[in-house]
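Asks: This is the structure I have questions about; it appears just below.
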Amino acid sequence: MAGASGCGSLKEFRTPQRAEAGYTLVLPGIEGRSVWNTNIVKGLADGGVPSAIEVYDWTVGPFLFPVNLRDIERNRREARRIAAKIVQYQDANPGKPVHLVGHSGGGGMAVLTLEALPPNRRITGAILLAAAISPDYDLSRALKRTDAGIWNFYSPYDMGFLVAGTTVMGAIDGKHGKAAGAVGFVRPWGLSEQDRALYRTRLHQQRYSHDMVSSGHAGGHFGWADRTFVAKWLAPLVYSQIDTRTRYAADEAAPQ
């Protein structure tokens, strides 16, 4: 969650030509714009994602980590702003794929952004990397706002940030304890059968695998943002959803 410099403008990934292919929005952790966000953008491009790729810094600023993580009312307002950006893009580019990629606190913000979308709007999919949000957070509203679903990438080796850190500071939803980015999501009690179906069909979880070591990811908090890992593991996921979006959009088995 600590910050780092080295983030350029990345304008070459936000050209009109790329926007014609789709829109991928990267939400950083509570450090704000950083080299890790830059690596995610460049890794997606390295892996062949043709869409416009933009980093959106939702934070108050660097070194204000507790405020960035725990000011839930401000974060929900910011999520509404991000949702408005998505709606604006969709209005200008109907039918084009839209993805959210959120790292750490940005994973929590991706969930809040999905919830902030109007009921008649959906994006293609969301990827959560080391998400600093509680494992039992109710994802049903967020899942309804996706065609392909939410992918949660988590690692039990992320002890410092998503076990100790979120136990002391809390997660983005205010709960203290292990985060979903360390242990994965669990289905909360009391859901309707329709919402349980959403969990079965649209929540996809990927635990850290030692197969990822060769791609530069050793299991820690920032390994998910390694440029080589992103190119090898995440870019094909985004690209495959771009290619098959029509199939996902046509699947109406789960309630909308």
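Residues are referred to by chain and number: the chain letter is A, B, ... according to the order shown in the structure tokens, the number counts from 1 in that chain, and ligands are numbered separately from 1 in the order shown.
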Based on the backbone DSSP call, show me all residues of stretch 1-236 of chain A assigned strand (DSSP E or B), as an MDAnalysis selection string.

Replies: chainID A and resid 23:27 52:55 98:103 123:129 146:154 203:207

Asks: Write down as a ChimeraX atom specification the residues belonging to stretch 18-168 of chain A that are assigned alpha helix (DSSP H) by DSSP computed on the backbone.

Replies: /A:18-19,35-46,65-70,72-92,105-116,140-144,159,166-168

Asks: List as a VMD selection string the protein and nucleic acid residues near A:Val186, meaning an atom at most 12 Å away when only C-alpha atoms are counted, but skip any in the same chain fewer than 3 places from it.

Replies: chain A and resid 133 to 140 152 179 to 183 189 191 196 199 to 200 203 to 205

Asks: For atom CA of A:His217 and atom CA of A:Ser240, quote the distance in Å rounded to one decimal.

Replies: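 Taking atom CA of A:His217 and atom CA of A:Ser240, their separation equals 22.0 Å.
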
Asks: Find the spatial neighbours of A:Leu143, counting only C-alpha atoms, within a cut-off of 12 Å - ignore same-chain residues fewer than 3 positions away - and output them as a PyMOL selection string.

Replies: chain A and resi 110-117+119+121-127+137-140+146-152+194-204+254-256

Asks: Using the selection just defined, write its residues with N, CA and C atoms as a CSV table (one decimal), in the first residue's frame.

Replies:
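Saved result, selection_35.csv, follows:
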chain,number,residue,atom,x,y,z
A,110,ALA,N,-13.1,-0.8,-7.0
A,110,ALA,CA,-13.8,-1.4,-8.2
A,110,ALA,C,-15.2,-1.9,-7.8
A,111,VAL,N,-15.3,-2.5,-6.7
A,111,VAL,CA,-16.6,-3.1,-6.2
A,111,VAL,C,-17.5,-1.9,-6.0
A,112,LEU,N,-17.1,-0.9,-5.3
A,112,LEU,CA,-17.9,0.3,-5.0
A,112,LEU,C,-18.4,0.9,-6.3
A,113,THR,N,-17.5,1.0,-7.3
A,113,THR,CA,-17.8,1.6,-8.6
A,113,THR,C,-18.9,0.7,-9.3
A,114,LEU,N,-18.8,-0.6,-9.3
A,114,LEU,CA,-19.8,-1.4,-9.9
A,114,LEU,C,-21.2,-1.1,-9.3
A,115,GLU,N,-21.2,-1.0,-7.9
A,115,GLU,CA,-22.4,-0.7,-7.2
A,115,GLU,C,-23.0,0.6,-7.6
A,116,ALA,N,-22.1,1.6,-8.0
A,116,ALA,CA,-22.6,2.9,-8.3
A,116,ALA,C,-23.1,3.0,-9.7
A,117,LEU,N,-22.9,2.0,-10.6
A,117,LEU,CA,-23.4,2.1,-11.9
A,117,LEU,C,-25.0,2.1,-11.9
A,119,PRO,N,-28.7,1.0,-12.7
A,119,PRO,CA,-29.2,-0.4,-12.8
A,119,PRO,C,-29.2,-0.9,-14.2
A,121,ARG,N,-27.0,-0.4,-16.5
A,121,ARG,CA,-25.6,-0.4,-17.1
A,121,ARG,C,-24.8,-1.6,-16.6
A,122,ARG,N,-24.0,-2.2,-17.5
A,122,ARG,CA,-23.1,-3.2,-17.1
A,122,ARG,C,-21.8,-3.0,-17.8
A,123,ILE,N,-20.7,-3.5,-17.2
A,123,ILE,CA,-19.5,-3.5,-17.9
A,123,ILE,C,-19.1,-5.0,-18.2
A,124,THR,N,-18.1,-5.2,-19.0
A,124,THR,CA,-17.7,-6.5,-19.4
A,124,THR,C,-17.3,-7.4,-18.2
A,125,GLY,N,-16.3,-6.8,-17.4
A,125,GLY,CA,-15.8,-7.6,-16.3
A,125,GLY,C,-14.9,-6.8,-15.4
A,126,ALA,N,-14.6,-7.3,-14.2
A,126,ALA,CA,-13.7,-6.6,-13.3
A,126,ALA,C,-12.7,-7.6,-12.8
A,127,ILE,N,-11.5,-7.1,-12.6
A,127,ILE,CA,-10.4,-7.9,-12.0
A,127,ILE,C,-9.9,-7.2,-10.7
A,137,TYR,N,-18.0,-9.5,2.2
A,137,TYR,CA,-18.7,-8.3,1.6
A,137,TYR,C,-19.7,-8.9,0.6
A,138,ASP,N,-20.9,-8.4,0.6
A,138,ASP,CA,-21.9,-8.8,-0.3
A,138,ASP,C,-21.7,-8.3,-1.7
A,139,LEU,N,-21.3,-9.2,-2.6
A,139,LEU,CA,-20.9,-8.8,-4.0
A,139,LEU,C,-22.1,-8.8,-5.0
A,140,SER,N,-23.3,-9.2,-4.5
A,140,SER,CA,-24.4,-9.5,-5.4
A,140,SER,C,-24.7,-8.2,-6.3
A,146,THR,N,-22.0,-6.7,-14.2
A,146,THR,CA,-21.0,-7.3,-15.1
A,146,THR,C,-21.7,-8.3,-16.1
A,147,ASP,N,-21.1,-8.4,-17.2
A,147,ASP,CA,-21.5,-9.4,-18.2
A,147,ASP,C,-20.7,-10.7,-17.9
A,148,ALA,N,-19.4,-10.7,-17.8
A,148,ALA,CA,-18.6,-11.9,-17.6
A,148,ALA,C,-18.3,-12.2,-16.1
A,149,GLY,N,-18.4,-11.2,-15.3
A,149,GLY,CA,-18.2,-11.4,-13.8
A,149,GLY,C,-17.0,-10.7,-13.2
A,150,ILE,N,-16.7,-11.0,-12.0
A,150,ILE,CA,-15.6,-10.5,-11.2
A,150,ILE,C,-14.6,-11.6,-11.0
A,151,TRP,N,-13.3,-11.3,-11.3
A,151,TRP,CA,-12.2,-12.2,-11.1
A,151,TRP,C,-11.4,-11.7,-9.8
A,152,ASN,N,-11.3,-12.5,-8.8
A,152,ASN,CA,-10.6,-12.1,-7.6
A,152,ASN,C,-9.3,-12.9,-7.5
A,194,GLN,N,-31.4,-16.3,-6.1
A,194,GLN,CA,-30.9,-15.6,-7.3
A,194,GLN,C,-29.5,-15.0,-7.1
A,195,ASP,N,-29.3,-14.4,-5.9
A,195,ASP,CA,-28.0,-13.9,-5.6
A,195,ASP,C,-27.0,-15.0,-5.4
A,196,ARG,N,-27.3,-16.1,-4.8
A,196,ARG,CA,-26.4,-17.2,-4.7
A,196,ARG,C,-26.0,-17.7,-6.1
A,197,ALA,N,-27.0,-17.6,-7.1
A,197,ALA,CA,-26.6,-18.0,-8.4
A,197,ALA,C,-25.6,-17.1,-9.0
A,198,LEU,N,-25.7,-15.8,-8.7
A,198,LEU,CA,-24.7,-14.9,-9.2
A,198,LEU,C,-23.3,-15.2,-8.7
A,199,TYR,N,-23.2,-15.6,-7.4
A,199,TYR,CA,-21.9,-16.0,-6.9
A,199,TYR,C,-21.4,-17.3,-7.7
A,200,ARG,N,-22.3,-18.2,-8.0
A,200,ARG,CA,-21.8,-19.4,-8.7
A,200,ARG,C,-21.4,-19.1,-10.1
A,201,THR,N,-22.1,-18.2,-10.8
A,201,THR,CA,-21.8,-18.0,-12.2
A,201,THR,C,-20.9,-16.8,-12.5
A,202,ARG,N,-20.8,-15.8,-11.7
A,202,ARG,CA,-20.1,-14.6,-12.0
A,202,ARG,C,-18.9,-14.3,-11.1
A,203,LEU,N,-18.7,-15.0,-10.0
A,203,LEU,CA,-17.5,-14.8,-9.2
A,203,LEU,C,-16.5,-15.9,-9.5
A,204,HIS,N,-15.4,-15.4,-10.0
A,204,HIS,CA,-14.3,-16.3,-10.4
A,204,HIS,C,-13.1,-16.0,-9.5
A,254,ALA,N,-28.6,-15.4,-15.1
A,254,ALA,CA,-28.6,-14.8,-13.8
A,254,ALA,C,-29.5,-13.5,-13.8
A,255,PRO,N,-30.1,-13.2,-12.7
A,255,PRO,CA,-31.0,-12.0,-12.7
A,255,PRO,C,-30.3,-10.7,-12.9
A,256,GLN,N,-30.9,-9.8,-13.5
A,256,GLN,CA,-30.3,-8.5,-13.8
A,256,GLN,C,-30.8,-7.4,-12.9

Asks: Each residue of stretch 90-115 of chain A lying at most 12 Å from stretch 161-167 of chain A should get a row with its shortest atom-to-atom pair and the distance in Å to one decimal, counting only C-alpha atoms; could you produce that, ordered by chain and increasing number, as a Markdown table?

Replies:
| residue | atom | partner | partner_atom | distance |
| --- | --- | --- | --- | --- |
| A:His103 | CA | A:Leu162 | CA | 11.8 |
| A:Ser104 | CA | A:Leu162 | CA | 8.4 |
| A:Gly105 | CA | A:Leu162 | CA | 10.1 |

Asks: Have a look at A:Asn68, A:Ala131, A:Thr24, A:Lys144 and name the one nearest to A:Ile86; count only C-alpha atoms.

Replies: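 Counting only C-alpha atoms, the residue closest to A:Ile86 is A:Thr24.
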
Asks: Find the distance between atom CA of A:Ala231 and atom CA of A:Met212 and write it in Å to one decimal.

Replies: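 One can read the atom CA of A:Ala231 to atom CA of A:Met212 distance as 11.7 Å.
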
Asks: Could you please determine the separation between atom CA of A:Pro50 and atom CA of A:Leu129 in Å, to one decimal place?

Replies: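 Computing it gives 20.8 Å between the two atoms.
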
Asks: Can you pull out every residue within 7 Å of A:His221, counting only C-alpha atoms, but drop anything in the same chain fewer than 2 positions away, and send it as number ranges by chain?

Replies: A: 130, 158, 161, 219, 223-224

Asks: Could the residues in this selection be saved with C-alpha atoms as an mmCIF file, in the first residue's frame?

Replies:
data_model
loop_
_atom_site.group_PDB
_atom_site.id
_atom_site.type_symbol
_atom_site.label_atom_id
_atom_site.label_comp_id
_atom_site.auth_asym_id
_atom_site.auth_seq_id
_atom_site.Cartn_x
_atom_site.Cartn_y
_atom_site.Cartn_z
ATOM 1 C CA ALA A 130 -5.043 -8.166 -3.676
ATOM 2 C CA ASP A 158 0.106 -11.338 1.483
ATOM 3 C CA PHE A 161 -0.782 -5.742 3.971
ATOM 4 C CA GLY A 219 3.153 -14.130 -3.879
ATOM 5 C CA GLY A 223 3.555 -9.152 -7.409
ATOM 6 C CA TRP A 224 0.098 -8.789 -8.959
#

Asks: At a cut-off of 6 Å, using only C-alpha atoms, what residues contact stretch 60-66 of chain A? Leave out same-chain residues fewer than 3 positions from it and give the result as a compact mmCIF listing (two decimals) with N, CA and C atoms, in the first residue's frame.

Replies:
# COMPACT_ATOMS: atom_id res chain seq x y z
N ILE A 30 -4.07 2.51 -2.24
CA ILE A 30 -4.17 3.75 -1.46
C ILE A 30 -2.94 4.62 -1.58
N GLU A 31 -1.93 4.14 -2.31
CA GLU A 31 -0.76 4.98 -2.59
C GLU A 31 -1.03 5.99 -3.69
N LEU A 69 -8.10 4.86 2.66
CA LEU A 69 -8.65 3.53 2.88
C LEU A 69 -10.01 3.57 3.57
N ARG A 70 -10.20 4.46 4.53
CA ARG A 70 -11.31 4.32 5.45
C ARG A 70 -12.41 5.38 5.34

Asks: Excluding A:His210 and any residue of its chain fewer than 5 positions from it, enumerate the residues within 12 Å of it, using only C-alpha atoms, and give them as a count of residues only.

Replies: 10

Asks: Determine the nearest neighbour of A:Val98 from the options A:Val67, A:Leu128, A:Leu25, A:Ala142, counting only C-alpha atoms.

Replies: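 Of all the options, A:Leu25 lies closest to A:Val98.
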
Asks: Go through A:Gly22, A:Gly48, A:Gly29, A:Gly108 one by one, measure the shortest atom-to-atom distance of each to A:Gln90 using only C-alpha atoms, and give the residue with the smallest value.

Replies: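 Distance minimum relative to A:Gln90 lands on A:Gly22.
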
Asks: Using only C-alpha atoms, find the one residue out of A:Asp211, A:Glu73, A:Pro97, A:Tyr154 that sits nearest to A:Phe185.

Replies: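 Checking each candidate against A:Phe185, we get A:Tyr154 as the closest.
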
Asks: Which residue, A:Glu193, A:Lys175, A:Asn75, A:Asp57, has the smallest gap to A:Thr38 when you use only C-alpha atoms?

Replies: A:Asp57
